[in-house]
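Undergrad: Compact mmCIF, C-alpha atoms and all ligand atoms, file coords_4.txt:
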# COMPACT_ATOMS: atom_id res chain seq x y z
CA MET A 90 -0.47 -28.79 0.33
CA SER A 91 1.38 -25.61 1.22
CA GLU A 92 1.19 -22.68 -1.20
CA ARG A 93 4.36 -21.11 -2.50
CA ILE A 94 4.18 -17.33 -2.63
CA ALA A 95 6.66 -15.17 -4.52
CA ILE A 96 6.98 -11.44 -3.86
CA VAL A 97 8.72 -9.47 -6.62
CA GLY A 98 10.16 -6.30 -5.08
CA GLY A 99 11.49 -6.25 -1.53
CA GLY A 100 10.84 -2.55 -0.91
CA LYS A 101 8.40 -0.98 1.50
CA ILE A 102 5.18 -2.69 0.46
CA GLY A 103 6.89 -5.99 -0.45
CA GLU A 104 8.44 -6.08 3.01
CA ALA A 105 5.12 -5.17 4.64
CA LEU A 106 3.46 -8.11 2.86
CA LEU A 107 6.30 -10.47 3.71
CA ALA A 108 6.34 -9.44 7.39
CA GLY A 109 2.56 -9.68 7.63
CA LEU A 110 2.42 -13.13 6.05
CA ILE A 111 5.16 -14.42 8.37
CA GLN A 112 3.48 -12.91 11.44
CA SER A 113 0.24 -14.53 10.44
CA GLY A 114 1.88 -17.96 10.41
CA LYS A 115 3.12 -18.51 6.83
CA GLN A 116 6.27 -20.62 6.84
CA THR A 117 9.40 -18.96 5.47
CA LYS A 118 10.11 -22.00 3.28
CA ASP A 119 6.92 -21.21 1.34
CA LEU A 120 7.89 -17.58 0.76
CA VAL A 121 10.41 -16.27 -1.76
CA VAL A 122 11.36 -12.72 -2.66
CA ALA A 123 12.86 -11.33 -5.87
CA GLU A 124 14.85 -8.17 -5.18
CA LYS A 125 17.29 -6.67 -7.64
CA MET A 126 19.22 -4.39 -5.29
CA PRO A 127 21.88 -6.57 -3.64
CA LYS A 128 22.01 -4.52 -0.42
CA ARG A 129 18.26 -4.64 -0.01
CA ALA A 130 18.18 -8.34 -0.93
CA LYS A 131 20.65 -9.09 1.86
CA GLU A 132 18.68 -7.03 4.37
CA ILE A 133 15.49 -8.95 3.58
CA ALA A 134 17.22 -12.35 3.66
CA ASP A 135 18.94 -11.55 6.99
CA GLU A 136 15.84 -10.09 8.64
CA TYR A 137 13.27 -12.68 7.58
CA GLY A 138 15.25 -15.82 6.70
CA VAL A 139 13.61 -16.22 3.29
CA LEU A 140 15.20 -17.03 -0.04
CA VAL A 141 15.87 -13.83 -1.99
CA THR A 142 16.61 -14.40 -5.64
CA ASP A 143 15.81 -13.26 -9.20
CA VAL A 144 12.33 -12.95 -10.71
CA THR A 145 12.45 -16.14 -12.79
CA THR A 146 13.66 -18.36 -9.95
CA ALA A 147 11.19 -16.82 -7.52
CA ALA A 148 8.26 -17.44 -9.83
CA GLU A 149 9.14 -21.10 -10.46
CA GLY A 150 6.68 -23.30 -8.67
CA ALA A 151 4.88 -20.34 -7.08
CA GLN A 152 1.07 -20.41 -7.06
CA TYR A 153 0.97 -16.65 -6.41
CA VAL A 154 3.34 -13.97 -7.66
CA PHE A 155 2.82 -10.63 -5.92
CA LEU A 156 4.25 -7.65 -7.79
CA ALA A 157 5.50 -5.02 -5.33
CA ILE A 158 7.52 -2.94 -7.78
CA LYS A 159 7.17 0.56 -9.18
CA PRO A 160 4.97 1.03 -12.25
CA ASP A 161 8.04 1.72 -14.41
CA ASP A 162 9.48 -1.71 -13.60
CA VAL A 163 6.34 -3.65 -14.47
CA ASP A 164 6.91 -4.22 -18.19
CA SER A 165 10.39 -5.66 -17.75
CA VAL A 166 9.19 -7.95 -14.95
CA LEU A 167 6.26 -9.14 -17.08
CA ARG A 168 8.73 -9.92 -19.87
CA GLU A 169 10.84 -11.93 -17.42
CA LEU A 170 7.79 -13.77 -16.13
CA SER A 171 6.68 -14.61 -19.66
CA SER A 172 10.07 -15.62 -20.99
CA ALA A 173 10.56 -17.87 -17.98
CA ASP A 174 7.50 -19.44 -19.35
CA ASP A 175 6.37 -22.75 -18.21
CA ASP A 176 2.97 -24.32 -18.40
CA ALA A 177 2.36 -23.09 -14.90
CA GLU A 178 1.83 -19.51 -16.03
CA SER A 179 -1.83 -19.94 -16.81
CA GLU A 180 -2.34 -21.53 -13.36
CA ARG A 181 -0.21 -19.05 -11.46
CA VAL A 182 -2.06 -16.02 -10.15
CA THR A 183 -0.27 -12.71 -10.65
CA VAL A 184 -1.28 -10.28 -7.92
CA SER A 185 -0.30 -6.69 -8.63
CA LEU A 186 0.07 -4.27 -5.72
CA VAL A 187 1.16 -1.53 -8.13
CA ALA A 188 -0.68 1.80 -8.13
CA GLY A 189 -2.24 3.04 -11.32
CA LEU A 190 -1.71 0.25 -13.83
CA PRO A 191 -4.83 -1.46 -15.16
CA LEU A 192 -5.47 -5.19 -15.17
CA SER A 193 -5.31 -5.19 -18.97
CA ARG A 194 -1.64 -4.18 -18.88
CA TYR A 195 -0.77 -7.44 -17.08
CA GLU A 196 -3.20 -9.57 -19.07
CA ASN A 197 -1.61 -8.31 -22.29
CA GLY A 198 1.94 -8.71 -20.99
CA LEU A 199 1.58 -12.27 -19.72
CA GLN A 200 0.65 -15.47 -21.52
CA ALA A 201 -2.89 -15.33 -22.94
CA GLY A 202 -5.47 -16.25 -20.33
CA SER A 203 -3.26 -15.62 -17.29
CA PRO A 204 -5.19 -14.88 -14.11
CA VAL A 205 -4.43 -11.43 -12.67
CA VAL A 206 -5.71 -9.72 -9.54
CA ARG A 207 -5.10 -6.02 -8.91
CA VAL A 208 -4.78 -4.94 -5.30
CA MET A 209 -4.35 -1.58 -3.61
CA PRO A 210 -2.97 -2.35 -0.14
CA ASN A 211 -1.48 -0.01 2.45
CA THR A 212 1.53 -0.12 4.75
CA PRO A 213 -0.33 -0.97 8.00
CA MET A 214 0.02 -4.44 6.48
CA LEU A 215 3.29 -4.41 8.42
CA VAL A 216 1.24 -4.83 11.62
CA ASN A 217 -1.51 -6.97 10.07
CA GLU A 218 -3.89 -4.01 9.84
CA ALA A 219 -3.89 -3.40 6.08
CA MET A 220 -6.85 -2.20 4.10
CA SER A 221 -6.62 -3.91 0.72
CA ALA A 222 -9.01 -3.31 -2.17
CA VAL A 223 -9.11 -6.00 -4.82
CA SER A 224 -10.22 -5.94 -8.47
CA VAL A 225 -10.47 -9.15 -10.41
CA GLY A 226 -9.12 -9.87 -13.89
CA ARG A 227 -10.97 -11.66 -16.67
CA TYR A 228 -9.33 -15.04 -16.26
CA VAL A 229 -9.52 -15.41 -12.49
CA GLY A 230 -11.59 -18.30 -11.21
CA ASP A 231 -13.75 -18.05 -8.09
CA ASP A 232 -11.39 -20.34 -6.17
CA GLN A 233 -8.38 -18.27 -7.19
CA LEU A 234 -10.06 -15.04 -6.07
CA ALA A 235 -11.09 -16.63 -2.79
CA ALA A 236 -7.51 -17.78 -2.23
CA VAL A 237 -6.04 -14.31 -2.87
CA VAL A 238 -8.64 -12.71 -0.57
CA ARG A 239 -7.83 -15.30 2.10
CA LEU A 240 -4.10 -14.51 1.84
CA LEU A 241 -4.71 -10.76 2.08
CA GLU A 242 -7.10 -11.26 5.01
CA THR A 243 -4.24 -12.72 7.01
CA VAL A 244 -2.69 -9.22 6.94
CA GLY A 245 -5.79 -7.03 7.30
CA LYS A 246 -9.19 -6.27 5.82
CA VAL A 247 -10.16 -6.82 2.19
CA ALA A 248 -12.83 -5.24 -0.02
CA VAL A 249 -13.56 -6.37 -3.58
CA VAL A 250 -14.22 -3.33 -5.81
CA PRO A 251 -14.80 -2.68 -9.52
CA GLU A 252 -11.59 -1.61 -11.21
CA LYS A 253 -12.99 1.83 -12.05
CA GLN A 254 -12.91 2.63 -8.30
CA MET A 255 -9.20 1.90 -7.91
CA ASP A 256 -8.06 5.53 -8.31
CA ALA A 257 -10.43 6.64 -5.56
CA VAL A 258 -9.41 3.72 -3.36
CA THR A 259 -5.75 4.65 -3.84
CA ALA A 260 -6.55 8.23 -2.80
CA VAL A 261 -8.34 7.13 0.37
CA SER A 262 -6.75 3.98 1.77
CA GLY A 263 -3.63 3.36 -0.36
CA SER A 264 -2.03 6.72 0.35
CA GLY A 265 -4.22 7.41 3.41
CA PRO A 266 -1.69 6.31 6.04
CA ALA A 267 0.60 9.14 4.86
CA TYR A 268 -2.15 11.70 5.56
CA VAL A 269 -2.48 10.41 9.12
CA PHE A 270 1.30 10.48 9.61
CA LEU A 271 1.36 14.05 8.30
CA MET A 272 -1.35 14.96 10.83
CA ALA A 273 0.79 13.30 13.52
CA GLU A 274 3.84 15.33 12.48
CA ALA A 275 1.81 18.53 12.61
CA MET A 276 0.34 17.73 16.04
CA ILE A 277 3.76 16.91 17.47
CA ASP A 278 5.23 20.15 16.11
CA ALA A 279 2.28 22.08 17.51
CA GLY A 280 2.76 20.45 20.93
CA VAL A 281 6.44 21.44 20.88
CA ALA A 282 5.47 25.01 19.94
CA LEU A 283 3.18 25.04 22.99
CA GLY A 284 6.03 24.01 25.29
CA LEU A 285 5.92 20.19 25.43
CA SER A 286 9.09 18.20 24.89
CA ARG A 287 9.20 16.34 21.55
CA VAL A 288 9.11 13.02 23.41
CA GLN A 289 6.03 14.05 25.39
CA ALA A 290 4.31 15.50 22.32
CA SER A 291 5.04 12.29 20.35
CA GLU A 292 3.68 10.02 23.08
CA LEU A 293 0.51 12.09 23.47
CA THR A 294 -0.03 12.25 19.70
CA VAL A 295 0.63 8.59 18.90
CA GLN A 296 -1.65 7.28 21.64
CA THR A 297 -4.35 9.82 20.70
CA ILE A 298 -4.34 8.69 17.05
CA ARG A 299 -4.26 5.03 18.08
CA GLY A 300 -7.12 5.48 20.58
CA ALA A 301 -9.20 7.56 18.17
CA GLY A 302 -8.69 4.97 15.41
CA LEU A 303 -9.77 2.13 17.67
CA LEU A 304 -12.79 4.08 18.91
CA LEU A 305 -13.81 4.85 15.34
CA SER A 306 -13.35 1.24 14.33
CA GLU A 307 -14.99 -0.41 17.35
CA SER A 308 -17.71 1.93 18.66
CA GLY A 309 -19.97 1.67 15.62
CA LEU A 310 -20.42 5.46 15.83
CA SER A 311 -19.82 7.85 12.94
CA PRO A 312 -16.91 10.31 12.90
CA VAL A 313 -19.48 13.11 13.22
CA ASP A 314 -20.92 11.65 16.44
CA LEU A 315 -17.52 10.89 17.89
CA ARG A 316 -16.30 14.43 17.17
CA ALA A 317 -19.45 15.91 18.69
CA ALA A 318 -18.80 13.88 21.86
CA VAL A 319 -15.42 15.62 22.24
CA THR A 320 -16.78 19.09 21.44
CA SER A 321 -18.29 20.76 24.51
CA PRO A 322 -20.43 23.81 23.76
CA GLY A 323 -18.25 26.92 23.88
CA GLY A 324 -15.31 24.76 24.90
CA THR A 325 -11.72 24.10 23.86
CA THR A 326 -12.40 21.65 21.01
CA ALA A 327 -14.96 23.96 19.42
CA ALA A 328 -12.29 26.67 19.29
CA ALA A 329 -9.87 24.26 17.61
CA ILE A 330 -12.42 22.95 15.08
CA ARG A 331 -13.35 26.49 14.13
CA GLN A 332 -9.72 27.17 13.25
CA PHE A 333 -9.42 23.91 11.27
CA GLU A 334 -12.45 24.88 9.20
CA ALA A 335 -11.31 28.50 8.78
CA ASN A 336 -7.94 27.22 7.51
CA GLY A 337 -9.45 24.94 4.90
CA PHE A 338 -8.79 21.57 6.51
CA ARG A 339 -11.70 19.79 4.81
CA HIS A 340 -10.97 21.43 1.47
CA GLY A 341 -7.29 20.52 1.80
CA VAL A 342 -8.15 16.87 2.35
CA TYR A 343 -10.46 16.90 -0.66
CA GLU A 344 -7.89 18.54 -2.94
CA ALA A 345 -5.16 16.19 -1.71
CA THR A 346 -7.18 13.07 -2.44
CA ARG A 347 -8.14 14.48 -5.85
CA ALA A 348 -4.46 15.03 -6.70
CA CYS A 349 -3.68 11.51 -5.53
CA ALA A 350 -6.42 9.98 -7.67
CA ALA A 351 -5.24 12.03 -10.65
CA VAL A 352 -1.74 10.53 -10.44
CA SER A 353 -3.21 7.05 -10.07
CA LYS A 354 -5.33 7.67 -13.15
CA LYS A 355 -2.25 8.70 -15.11
CA ALA A 356 -1.04 5.13 -14.59
CA GLY A 357 1.33 5.36 -11.71
CA TYR A 358 3.84 7.60 -10.10
CA ARG A 359 5.15 10.38 -12.30
CA PRO A 360 7.43 12.77 -10.44
CA ASP A 361 6.80 15.57 -12.90
CA VAL A 362 3.00 15.68 -13.00
CA GLU A 363 2.35 19.43 -13.06
CA GLY A 364 1.68 21.08 -9.76
CA LEU A 365 1.57 17.88 -7.74
CA GLY A 366 4.72 18.47 -5.73
CA GLY A 367 7.17 16.17 -7.51
CA PRO A 368 10.86 17.04 -7.63
CA SER A 369 10.44 19.19 -10.76
CA SER A 370 8.11 21.54 -8.88
CA GLY A 371 11.05 22.60 -6.73
CA ARG A 372 9.36 21.61 -3.48
CA THR A 373 11.54 19.87 -0.96
CA ASP A 374 8.92 18.97 1.60
CA VAL A 375 7.34 16.20 -0.47
CA ASP A 376 9.10 12.87 -0.57
CA ALA A 377 9.06 10.87 -3.75
CA PRO A 378 8.28 7.36 -2.43
N1 LIG A 401 4.46 2.26 -0.23
C1 LIG A 401 3.14 2.22 -0.11
O1 LIG A 401 2.54 2.71 0.86
C2 LIG A 401 2.31 1.55 -1.17
C3 LIG A 401 2.85 1.16 -2.37
N2 LIG A 401 2.06 0.57 -3.32
C4 LIG A 401 2.64 0.17 -4.60
O2 LIG A 401 3.63 -0.81 -4.33
C5 LIG A 401 4.65 -0.71 -5.31
C6 LIG A 401 5.99 -0.69 -4.61
O3 LIG A 401 6.05 0.46 -3.81
P1 LIG A 401 7.16 0.58 -2.66
O4 LIG A 401 7.29 -0.71 -1.95
O5 LIG A 401 6.80 1.80 -1.91
O6 LIG A 401 8.46 0.83 -3.58
P2 LIG A 401 9.97 0.56 -3.22
O7 LIG A 401 10.78 1.37 -4.15
O8 LIG A 401 10.19 0.68 -1.74
O9 LIG A 401 10.17 -1.00 -3.60
C7 LIG A 401 10.26 -1.51 -4.89
C8 LIG A 401 11.36 -2.57 -4.87
O10 LIG A 401 11.30 -3.32 -6.07
C9 LIG A 401 12.62 -3.64 -6.44
N3 LIG A 401 12.64 -4.00 -7.85
C10 LIG A 401 12.40 -3.20 -8.93
N4 LIG A 401 12.51 -3.91 -10.07
C11 LIG A 401 12.80 -5.18 -9.71
C12 LIG A 401 13.03 -6.37 -10.45
N5 LIG A 401 13.01 -6.39 -11.78
N6 LIG A 401 13.31 -7.49 -9.76
C13 LIG A 401 13.38 -7.48 -8.41
N7 LIG A 401 13.16 -6.37 -7.65
C14 LIG A 401 12.88 -5.25 -8.30
C15 LIG A 401 13.41 -2.39 -6.11
O11 LIG A 401 14.79 -2.64 -6.02
C16 LIG A 401 12.77 -1.98 -4.78
O12 LIG A 401 13.45 -2.53 -3.67
C17 LIG A 401 4.40 0.56 -6.12
O13 LIG A 401 3.92 0.21 -7.39
C18 LIG A 401 3.35 1.31 -5.33
O14 LIG A 401 2.44 1.94 -6.19
C19 LIG A 401 0.75 0.30 -3.11
C20 LIG A 401 0.17 0.66 -1.94
C21 LIG A 401 0.88 1.31 -0.86
O1 LIG A 402 2.61 6.93 -3.39
C1 LIG A 402 2.43 5.95 -4.11
O2 LIG A 402 2.55 6.03 -5.34
C2 LIG A 402 2.08 4.62 -3.48
C3 LIG A 402 0.74 4.12 -3.96
C4 LIG A 402 -0.18 4.20 -2.78
C5 LIG A 402 0.68 4.56 -1.67
N1 LIG A 402 1.91 4.77 -2.06
Kindly transcribe the structure held in the file into C-alpha cells.
TA:
Amino acid sequence: MSERIAIVGGGKIGEALLAGLIQSGKQTKDLVVAEKMPKRAKEIADEYGVLVTDVTTAAEGAQYVFLAIKPDDVDSVLRELSSADDDAESERVTVSLVAGLPLSRYENGLQAGSPVVRVMPNTPMLVNEAMSAVSVGRYVGDDQLAAVVRLLETVGKVAVVPEKQMDAVTAVSGSGPAYVFLMAEAMIDAGVALGLSRVQASELTVQTIRGAGLLLSESGLSPVDLRAAVTSPGGTTAAAIRQFEANGFRHGVYEATRACAAVSKKAGYRPDVEGLGGPSSGRTDVDAP
C-alpha cells in the first residue's frame, strides 16, 4: 500500500523534501503540502503538480506529517492537527524538521501517545544529498522509526542521535551548508580581486568545492591527510594556510558553530538574540532565514 505523506510548510526545507521525495520516485498523488501563503502555494502546486491545501486537509489520511515551518508557527499547527482530530492521530507519525524545539513540545501538543520524530535535515536534500539527524520520541515504534529513516534515506544520509546532541548537529550539518556557501562567496570575491572574471571565479570555485567534497567523502582519507597532500613544503598552499590560521579561521568556525548551537538551544530562531547578528544588532550582512 502506498504511504501518504503530508508536508506542512512549503518553504525552503519543505520544498527540498518534496523535490527530493519526487526525484527519488515518490508519486505526486501520495504527497500533499500545506502552505498558508497563497503565492507560495501556487508556486509549489505549479512546479511539482501536488495538491497544496490547508493543514487539516493535508493531514487527513496521511501516515506521516512532516513539519517544515518556523518554530513560532509550531503551536498553532499542533492545535490544528489536534483539533482535526481523528483516531488516526495516534497512528500518524509527526516528523518535525524544526530547529530547536524539543520532542516533548510536540508530544504535549498532540493527542496523548502520539508518535513524534525530530529531524535536523539540511538543504542538499534538494539534490538527494541531505544529512539528516534523527531523534526518536517516546511513543515511536521500531517499525515507525524504520519507516521514517527509510523515507529520509531516499533524500540523503541519516544518523540516529540522542536528542541532547541536536543543538550540536544543527550547528554542524543543519546550518553547515551556509558555511560552505559563505566560503564559496569569499573565494569568488577573492578570485575577482586577483583579476579573474566573476564567471571564471565562480566556475573554478564551484568545481573545487564539489571535487573536494567528493574526495573527502570517497577517498576514506581524513581532512588532515587530504590537506597535507595539497600542501607542498614551502609552496603556495602553505602560504595560504598560514594566512588562514593567522586570521583566525579555525577559531571563527568554532565560534560560529557555538553561536548556532546557542540559538538552537534557546528553542529556535530568535532574531534578537544578543550579539548573534539578527536584525536588532544593526548588521545587514546576515540574512534572517
Ligand atoms: N532552511 C534550512 O536550511 C533548514 C531549515 N530547517 C528548519 O525548517 C523549518 C522551516 O525552515 P525554512 O523552510 O527555511 O522556512 P521558510 O520560511 O522558507 O518556510 C516555512 C513555510 O511554512 C509556511 N507556513 C507557516 N505556517 C504555516 C501554516 N500554519 N500552514 C501552512 N504553511 C505554513 C510559511 O508560509 C513558509 O512558506 C524551520 O523550523 C527551520 O528551523 C531545518 C534544517 C535546515
Ligand atoms: O537557520 C536556521 O534556523 C535553520 C535551521 C538549520 C538551518 N537553517
Undergrad: Show me, as AutoDock Vina command-line options, the centre and edge lengths in Å to one decimal of the axis-aligned box that covers every listed atom of ligand LIG 401 (chain A) with 4 Å on each side.
TA:
--center_x 7.5 --center_y -2.4 --center_z -5.5 --size_x 22.6 --size_y 18.2 --size_z 20.6
Undergrad: So, with all atoms listed in the file as the atoms that count, which of A:Val182, A:Val166, A:Val139, A:Ile96 lies closest to Ala123 of chain A?
TA: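 Answer, going by the shortest atom-to-atom distance: A:Ile96.
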Undergrad: Which residues form the shell of 9 Å around ligand LIG 402 (chain A) when you count only C-alpha atoms and all ligand atoms, given as a compact mmCIF listing (two decimals) with C-alpha atoms, in the coordinates of the input?
TA:
# COMPACT_ATOMS: atom_id res chain seq x y z
CA ILE A 102 5.18 -2.69 0.46
CA LYS A 159 7.17 0.56 -9.18
CA PRO A 160 4.97 1.03 -12.25
CA LEU A 186 0.07 -4.27 -5.72
CA VAL A 187 1.16 -1.53 -8.13
CA ALA A 188 -0.68 1.80 -8.13
CA GLY A 189 -2.24 3.04 -11.32
CA MET A 209 -4.35 -1.58 -3.61
CA PRO A 210 -2.97 -2.35 -0.14
CA ASN A 211 -1.48 -0.01 2.45
CA THR A 212 1.53 -0.12 4.75
CA THR A 259 -5.75 4.65 -3.84
CA ALA A 260 -6.55 8.23 -2.80
CA SER A 262 -6.75 3.98 1.77
CA GLY A 263 -3.63 3.36 -0.36
CA SER A 264 -2.03 6.72 0.35
CA GLY A 265 -4.22 7.41 3.41
CA PRO A 266 -1.69 6.31 6.04
CA ALA A 267 0.60 9.14 4.86
CA CYS A 349 -3.68 11.51 -5.53
CA VAL A 352 -1.74 10.53 -10.44
CA SER A 353 -3.21 7.05 -10.07
CA GLY A 357 1.33 5.36 -11.71
CA TYR A 358 3.84 7.60 -10.10
CA ARG A 359 5.15 10.38 -12.30
CA ALA A 377 9.06 10.87 -3.75
CA PRO A 378 8.28 7.36 -2.43
Undergrad: Tell me, as a list in words, which residues lie within 6 Å of segment 286-293 of chain A, counting all atoms listed in the file; anything in the same chain fewer than 4 positions away does not count.
TA: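 Once the adjacent positions are removed, what remains is Ile277, Gly280 and Val281 of chain A.
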Undergrad: Take the residues just selected and output them with C-alpha atoms as a tab-separated table (two decimals), in the coordinates of the input.
TA:
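Wrote it out as selection.tsv, contents follow:
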chain	number	residue	atom	x	y	z
A	277	ILE	CA	3.76	16.91	17.47
A	280	GLY	CA	2.76	20.45	20.93
A	281	VAL	CA	6.44	21.44	20.88
Undergrad: Using all atoms listed in the file, find the one residue out of A:Ser171, A:Ser185, A:Gln112, A:Thr326 that sits nearest to ligand LIG 401 (chain A).
TA: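 Using all atoms listed in the file, ligand LIG 401 (chain A) sits closest to A:Ser185.
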Undergrad: Report as a short mmCIF file (atom, residue, chain, number, x, y, z; two decimals) with C-alpha atoms, in the coordinates of the input all protein, DNA and RNA residues lying within 10 Å of Leu110 of chain A, evaluated on only C-alpha atoms, omitting residues in the same chain fewer than 6 positions from it.
TA:
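File produced: result.cif:
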data_model
loop_
_atom_site.label_atom_id
_atom_site.label_comp_id
_atom_site.auth_asym_id
_atom_site.auth_seq_id
_atom_site.Cartn_x
_atom_site.Cartn_y
_atom_site.Cartn_z
CA ILE A 94 4.18 -17.33 -2.63
CA GLU A 104 8.44 -6.08 3.01
CA GLN A 116 6.27 -20.62 6.84
CA THR A 117 9.40 -18.96 5.47
CA LEU A 120 7.89 -17.58 0.76
CA MET A 214 0.02 -4.44 6.48
CA LEU A 215 3.29 -4.41 8.42
CA ASN A 217 -1.51 -6.97 10.07
CA LEU A 240 -4.10 -14.51 1.84
CA LEU A 241 -4.71 -10.76 2.08
CA GLU A 242 -7.10 -11.26 5.01
CA THR A 243 -4.24 -12.72 7.01
CA VAL A 244 -2.69 -9.22 6.94
#
Undergrad: Looking at A:Ala95, A:Ala219, A:Val144, A:Met272, which one is nearest to ligand LIG 401 (chain A), with distances taken over only C-alpha atoms and all ligand atoms?
TA: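 Smallest separation from ligand LIG 401 (chain A) among the options: A:Val144.
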Undergrad: For ligand LIG 401 (chain A), which of A:Arg168, A:Lys246, A:Arg227, A:Arg239 is the closest residue, counting all atoms listed in the file?
TA: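 Once distances to ligand LIG 401 (chain A) are computed over all atoms listed in the file, the minimum belongs to A:Arg168.
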Undergrad: Give the answer as one residue: which of A:Ala201, A:Ala351, A:Ala108, A:Val208 has the shortest atom-to-atom distance to ligand LIG 401 (chain A), using all atoms listed in the file?
TA: A:Val208
Undergrad: Give the answer as one residue: which of A:Ala348, A:Val97, A:Val269, A:Leu167 has the shortest atom-to-atom distance to Asp143 of chain A, using all atoms listed in the file?
TA: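 Smallest distance to Asp143 of chain A is found for A:Val97.
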Undergrad: List as a list of chain:residue names the protein and nucleic acid residues near Gly230 of chain A, meaning an atom at most 12 Å away when all atoms listed in the file are counted, but skip any in the same chain fewer than 2 places from it.
TA: A:Ser179, A:Glu180, A:Arg181, A:Val182, A:Gly202, A:Ser203, A:Pro204, A:Val205, A:Val206, A:Val225, A:Gly226, A:Arg227, A:Tyr228, A:Asp232, A:Gln233, A:Leu234, A:Ala235, A:Ala236, A:Val237
Undergrad: Write segment 193-213 of chain A as a PDB file, keeping the file's coordinate frame, completed to N, CA and C atoms.
TA:
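What landed in rebuild.pdb:
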ATOM      1  N   SER A 193      -5.572  -4.822 -17.574  1.00  0.00           N
ATOM      2  CA  SER A 193      -5.310  -5.190 -18.970  1.00  0.00           C
ATOM      3  C   SER A 193      -3.819  -5.153 -19.300  1.00  0.00           C
ATOM      4  N   ARG A 194      -3.077  -4.278 -18.621  1.00  0.00           N
ATOM      5  CA  ARG A 194      -1.640  -4.180 -18.880  1.00  0.00           C
ATOM      6  C   ARG A 194      -0.939  -5.510 -18.561  1.00  0.00           C
ATOM      7  N   TYR A 195      -1.370  -6.152 -17.480  1.00  0.00           N
ATOM      8  CA  TYR A 195      -0.770  -7.440 -17.080  1.00  0.00           C
ATOM      9  C   TYR A 195      -1.290  -8.557 -17.980  1.00  0.00           C
ATOM     10  N   GLU A 196      -2.601  -8.504 -18.246  1.00  0.00           N
ATOM     11  CA  GLU A 196      -3.200  -9.570 -19.070  1.00  0.00           C
ATOM     12  C   GLU A 196      -2.578  -9.577 -20.461  1.00  0.00           C
ATOM     13  N   ASN A 197      -2.247  -8.375 -20.969  1.00  0.00           N
ATOM     14  CA  ASN A 197      -1.610  -8.310 -22.290  1.00  0.00           C
ATOM     15  C   ASN A 197      -0.139  -8.700 -22.240  1.00  0.00           C
ATOM     16  N   GLY A 198       0.500  -8.453 -21.098  1.00  0.00           N
ATOM     17  CA  GLY A 198       1.940  -8.710 -20.990  1.00  0.00           C
ATOM     18  C   GLY A 198       2.282 -10.151 -20.659  1.00  0.00           C
ATOM     19  N   LEU A 199       1.332 -10.879 -20.100  1.00  0.00           N
ATOM     20  CA  LEU A 199       1.580 -12.270 -19.720  1.00  0.00           C
ATOM     21  C   LEU A 199       0.999 -13.196 -20.787  1.00  0.00           C
ATOM     22  N   GLN A 200       1.229 -14.477 -20.600  1.00  0.00           N
ATOM     23  CA  GLN A 200       0.650 -15.470 -21.520  1.00  0.00           C
ATOM     24  C   GLN A 200      -0.870 -15.288 -21.596  1.00  0.00           C
ATOM     25  N   ALA A 201      -1.438 -15.511 -22.779  1.00  0.00           N
ATOM     26  CA  ALA A 201      -2.890 -15.330 -22.940  1.00  0.00           C
ATOM     27  C   ALA A 201      -3.643 -16.155 -21.893  1.00  0.00           C
ATOM     28  N   GLY A 202      -4.624 -15.520 -21.283  1.00  0.00           N
ATOM     29  CA  GLY A 202      -5.470 -16.250 -20.330  1.00  0.00           C
ATOM     30  C   GLY A 202      -4.915 -16.313 -18.916  1.00  0.00           C
ATOM     31  N   SER A 203      -3.836 -15.553 -18.645  1.00  0.00           N
ATOM     32  CA  SER A 203      -3.260 -15.620 -17.290  1.00  0.00           C
ATOM     33  C   SER A 203      -4.147 -14.905 -16.279  1.00  0.00           C
ATOM     34  N   PRO A 204      -4.371 -15.534 -15.131  1.00  0.00           N
ATOM     35  CA  PRO A 204      -5.190 -14.880 -14.110  1.00  0.00           C
ATOM     36  C   PRO A 204      -4.427 -13.761 -13.383  1.00  0.00           C
ATOM     37  N   VAL A 205      -5.060 -12.590 -13.313  1.00  0.00           N
ATOM     38  CA  VAL A 205      -4.430 -11.430 -12.670  1.00  0.00           C
ATOM     39  C   VAL A 205      -5.417 -10.786 -11.701  1.00  0.00           C
ATOM     40  N   VAL A 206      -4.914 -10.444 -10.530  1.00  0.00           N
ATOM     41  CA  VAL A 206      -5.710  -9.720  -9.540  1.00  0.00           C
ATOM     42  C   VAL A 206      -4.975  -8.417  -9.253  1.00  0.00           C
ATOM     43  N   ARG A 207      -5.709  -7.321  -9.227  1.00  0.00           N
ATOM     44  CA  ARG A 207      -5.100  -6.020  -8.910  1.00  0.00           C
ATOM     45  C   ARG A 207      -5.503  -5.629  -7.486  1.00  0.00           C
ATOM     46  N   VAL A 208      -4.522  -5.257  -6.707  1.00  0.00           N
ATOM     47  CA  VAL A 208      -4.780  -4.940  -5.300  1.00  0.00           C
ATOM     48  C   VAL A 208      -4.217  -3.561  -4.973  1.00  0.00           C
ATOM     49  N   MET A 209      -4.920  -2.779  -4.211  1.00  0.00           N
ATOM     50  CA  MET A 209      -4.350  -1.580  -3.610  1.00  0.00           C
ATOM     51  C   MET A 209      -4.307  -1.811  -2.098  1.00  0.00           C
ATOM     52  N   PRO A 210      -3.114  -2.123  -1.585  1.00  0.00           N
ATOM     53  CA  PRO A 210      -2.970  -2.350  -0.140  1.00  0.00           C
ATOM     54  C   PRO A 210      -2.537  -1.064   0.552  1.00  0.00           C
ATOM     55  N   ASN A 211      -2.174  -1.137   1.819  1.00  0.00           N
ATOM     56  CA  ASN A 211      -1.480  -0.010   2.450  1.00  0.00           C
ATOM     57  C   ASN A 211      -0.483  -0.528   3.489  1.00  0.00           C
ATOM     58  N   THR A 212       0.405   0.358   3.927  1.00  0.00           N
ATOM     59  CA  THR A 212       1.530  -0.120   4.750  1.00  0.00           C
ATOM     60  C   THR A 212       1.154  -0.627   6.142  1.00  0.00           C
ATOM     61  N   PRO A 213      -0.001  -0.310   6.726  1.00  0.00           N
ATOM     62  CA  PRO A 213      -0.330  -0.970   8.000  1.00  0.00           C
ATOM     63  C   PRO A 213      -0.361  -2.498   7.901  1.00  0.00           C
TER      64      PRO A 213
END
